[in-house]
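Asks: Sharing a structure with you now.
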Amino acid sequence: MTVKQISVFVENKAGKLAELTEYLHQQDIDMRALSIAETQDFGIVRMIVDDAYKTSCILKEAGYVVSITPVLAVEMPDEPGSLFRILQTLGEGGINLEYMYAFLTRKEATAYMVLRVEDNEKAAEVLSRKGIHTVSQDVISNL
């Protein structure tokens, strides 16, 4: 069970991220999570949105370089130790974590962690055995 992550390449210049988010706002795209990795010349904006297909289409039409990557989204209690439990489980299962980022929602006492791993299916299985649940794109879209 994966979630579609949109990755957008954006020039690393003042105002470029504002332009991107303004465009998303104009197109009525609701971001659930956002992460930025940067280099001197450009940044990679990674985001989870309410409608990944619509978002990728409108961004491509606007001239952005866009890709969609399947990632895991894990629901977890918003309390100390939750992230440790997830990371410990992945490590014990031999799952290497490439990157991750978190977000909160209106759902009380719950946080979500987006995980990029080499093998989503294996990671989901390892987490599930320890009672850690991944969530679907539909769940994220309806938050």
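Chain lettering (A, B, ...) mirrors the order of the structure tokens, residue numbering begins at 1 for each chain separately, and ligand numbering begins at 1 in order of display.
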Leaving out segment 33-40 of chain A and any residue of its chain fewer than 5 positions from it, which residues lie within 12 Å of it when counting only C-alpha atoms, given as an NGL selection string?

Replies: :A and (3-13 or 17 or 21 or 45-50 or 73 or 99-105 or 111-115 or 140-141 or 143)

Asks: Selected residues, N, CA, C and O atoms, written as a compact mmCIF listing (two decimals), in the first residue's frame, please.

Replies:
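The result, written out as selection.txt:
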# COMPACT_ATOMS: atom_id res chain seq x y z
N VAL A 3 1.66 5.50 -1.30
CA VAL A 3 1.13 6.83 -1.53
C VAL A 3 1.97 7.45 -2.64
O VAL A 3 3.18 7.18 -2.73
N LYS A 4 1.35 8.26 -3.48
CA LYS A 4 2.07 8.89 -4.59
C LYS A 4 2.69 10.21 -4.12
O LYS A 4 1.99 11.12 -3.71
N GLN A 5 4.00 10.27 -4.21
CA GLN A 5 4.73 11.48 -3.86
C GLN A 5 5.07 12.22 -5.15
O GLN A 5 5.58 11.63 -6.10
N ILE A 6 4.80 13.49 -5.19
CA ILE A 6 5.15 14.34 -6.33
C ILE A 6 6.50 14.98 -6.02
O ILE A 6 6.69 15.57 -4.96
N SER A 7 7.44 14.86 -6.95
CA SER A 7 8.73 15.54 -6.83
C SER A 7 8.82 16.56 -7.96
O SER A 7 8.56 16.24 -9.12
N VAL A 8 9.17 17.79 -7.60
CA VAL A 8 9.24 18.89 -8.56
C VAL A 8 10.61 19.54 -8.45
O VAL A 8 11.06 19.86 -7.35
N PHE A 9 11.25 19.74 -9.58
CA PHE A 9 12.54 20.44 -9.60
C PHE A 9 12.26 21.93 -9.73
O PHE A 9 11.54 22.36 -10.63
N VAL A 10 12.84 22.70 -8.81
CA VAL A 10 12.62 24.14 -8.76
C VAL A 10 13.97 24.83 -8.64
O VAL A 10 14.84 24.38 -7.87
N GLU A 11 14.16 25.91 -9.39
CA GLU A 11 15.40 26.68 -9.28
C GLU A 11 15.58 27.16 -7.84
O GLU A 11 14.62 27.56 -7.19
N ASN A 12 16.82 27.13 -7.37
CA ASN A 12 17.13 27.59 -6.03
C ASN A 12 17.40 29.11 -6.10
O ASN A 12 18.53 29.56 -6.03
N LYS A 13 16.31 29.85 -6.29
CA LYS A 13 16.36 31.31 -6.36
C LYS A 13 15.20 31.88 -5.55
O LYS A 13 14.14 31.26 -5.46
N LEU A 17 9.94 29.10 -4.95
CA LEU A 17 9.06 28.24 -4.19
C LEU A 17 7.70 28.92 -3.99
O LEU A 17 6.66 28.27 -4.08
N THR A 21 4.03 27.37 -5.07
CA THR A 21 2.91 27.22 -4.16
C THR A 21 1.74 28.12 -4.55
O THR A 21 0.58 27.75 -4.36
N VAL A 45 11.41 19.62 -4.54
CA VAL A 45 10.27 19.78 -3.65
C VAL A 45 9.50 18.47 -3.71
O VAL A 45 9.02 18.07 -4.77
N ARG A 46 9.42 17.80 -2.58
CA ARG A 46 8.66 16.55 -2.50
C ARG A 46 7.39 16.85 -1.73
O ARG A 46 7.44 17.47 -0.66
N MET A 47 6.28 16.40 -2.28
CA MET A 47 5.02 16.68 -1.59
C MET A 47 4.02 15.56 -1.77
O MET A 47 4.04 14.82 -2.75
N ILE A 48 3.18 15.46 -0.77
CA ILE A 48 2.02 14.59 -0.82
C ILE A 48 0.83 15.54 -0.94
O ILE A 48 0.71 16.49 -0.17
N VAL A 49 -0.01 15.27 -1.92
CA VAL A 49 -1.14 16.16 -2.21
C VAL A 49 -2.44 15.37 -2.22
O VAL A 49 -2.44 14.14 -2.21
N ASP A 50 -3.54 16.10 -2.29
CA ASP A 50 -4.84 15.45 -2.30
C ASP A 50 -5.12 14.72 -3.62
O ASP A 50 -5.82 13.72 -3.63
N ALA A 73 3.38 5.68 3.60
CA ALA A 73 2.92 6.63 4.63
C ALA A 73 2.47 5.78 5.81
O ALA A 73 1.67 4.86 5.66
N TYR A 99 15.06 8.36 2.75
CA TYR A 99 14.70 9.63 3.37
C TYR A 99 13.31 9.52 3.94
O TYR A 99 12.58 8.56 3.67
N MET A 100 12.95 10.51 4.76
CA MET A 100 11.62 10.52 5.36
C MET A 100 11.27 11.95 5.76
O MET A 100 12.14 12.81 5.88
N TYR A 101 10.00 12.18 5.94
CA TYR A 101 9.50 13.43 6.48
C TYR A 101 8.14 13.18 7.10
O TYR A 101 7.48 12.20 6.78
N ALA A 102 7.76 14.05 8.02
CA ALA A 102 6.55 13.83 8.79
C ALA A 102 5.55 14.95 8.55
O ALA A 102 5.89 16.02 8.07
N PHE A 103 4.29 14.65 8.90
CA PHE A 103 3.27 15.69 8.90
C PHE A 103 2.17 15.34 9.88
O PHE A 103 1.98 14.17 10.23
N LEU A 104 1.48 16.36 10.35
CA LEU A 104 0.35 16.20 11.24
C LEU A 104 -0.92 16.53 10.47
O LEU A 104 -0.88 17.20 9.45
N THR A 105 -2.04 16.07 10.99
CA THR A 105 -3.33 16.39 10.38
C THR A 105 -4.28 16.84 11.48
O THR A 105 -3.89 16.95 12.65
N ALA A 111 0.07 11.30 13.96
CA ALA A 111 1.04 11.88 13.03
C ALA A 111 1.25 10.89 11.89
O ALA A 111 0.90 9.71 12.00
N TYR A 112 1.80 11.37 10.81
CA TYR A 112 2.09 10.52 9.66
C TYR A 112 3.55 10.71 9.27
O TYR A 112 4.08 11.82 9.33
N MET A 113 4.18 9.62 8.90
CA MET A 113 5.56 9.65 8.46
C MET A 113 5.60 9.11 7.03
O MET A 113 5.05 8.04 6.75
N VAL A 114 6.22 9.86 6.13
CA VAL A 114 6.41 9.42 4.75
C VAL A 114 7.80 8.81 4.68
O VAL A 114 8.79 9.44 5.09
N LEU A 115 7.89 7.58 4.16
CA LEU A 115 9.14 6.84 4.11
C LEU A 115 9.48 6.47 2.67
O LEU A 115 8.64 5.90 1.96
N ILE A 140 -4.90 9.33 2.65
CA ILE A 140 -4.19 10.61 2.63
C ILE A 140 -5.01 11.68 1.90
O ILE A 140 -5.11 12.81 2.34
N SER A 141 -5.61 11.31 0.77
CA SER A 141 -6.38 12.26 0.00
C SER A 141 -7.58 12.80 0.77
O SER A 141 -8.01 13.93 0.56
N LEU A 143 -7.77 13.19 4.12
CA LEU A 143 -7.47 13.78 5.44
C LEU A 143 -7.96 15.22 5.51
O LEU A 143 -7.92 15.95 4.58

Asks: Give me the residues within 12 Å of segment 82-95 of chain A as JSON, numbers by chain, counting only C-alpha atoms and dropping any in the same chain fewer than 5 places off.

Replies: {"A": [73, 74, 75, 76, 77, 100, 101, 102, 109, 110, 111, 112, 113, 114, 115, 116, 117, 118, 119, 120, 121, 122, 123, 124, 125, 126, 127, 128, 129, 130, 131, 132, 133, 134]}

Asks: Which residue, A:Pro70, A:Asp78, A:Ile29, A:Ala14, has the smallest gap to Asp51 of chain A when you use only C-alpha atoms?

Replies: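 Going through A:Pro70, A:Asp78, A:Ile29, A:Ala14 one by one, the smallest distance to Asp51 of chain A is for A:Ile29.
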
Asks: Give me every strand (DSSP E or B) residue in segment 9-131 of chain A, going by DSSP on the backbone, as a PyMOL selection string.

Replies: chain A and resi 9-11+31-38+42-49+65-77+97-104+110-117

Asks: Could you check how far atom CA of Leu24 of chain A sits from atom CA of Ser136 of chain A, in Å to one decimal?

Replies: 22.5 Å

Asks: Would you mind writing down, as a ChimeraX atom specification, each residue of chain A that DSSP on the backbone assigns to alpha helix (DSSP H)?

Replies: /A:16-26,52-61,82-92,120-129,137-141

Asks: So which one's closest to Glu22 of chain A, A:Gln137, A:Leu72, A:Leu59, A:Lys54? Using only C-alpha atoms, please.

Replies: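 Of A:Gln137, A:Leu72, A:Leu59, A:Lys54, the one nearest Glu22 of chain A is A:Leu59, counting only C-alpha atoms.
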
Asks: Given the choices A:Ser56, A:Gln26, A:Thr2, A:Asn142, which gets closest to Arg106 of chain A if the distance is worked out from only C-alpha atoms?

Replies: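 Of the candidates, the smallest distance to Arg106 of chain A is held by A:Asn142.
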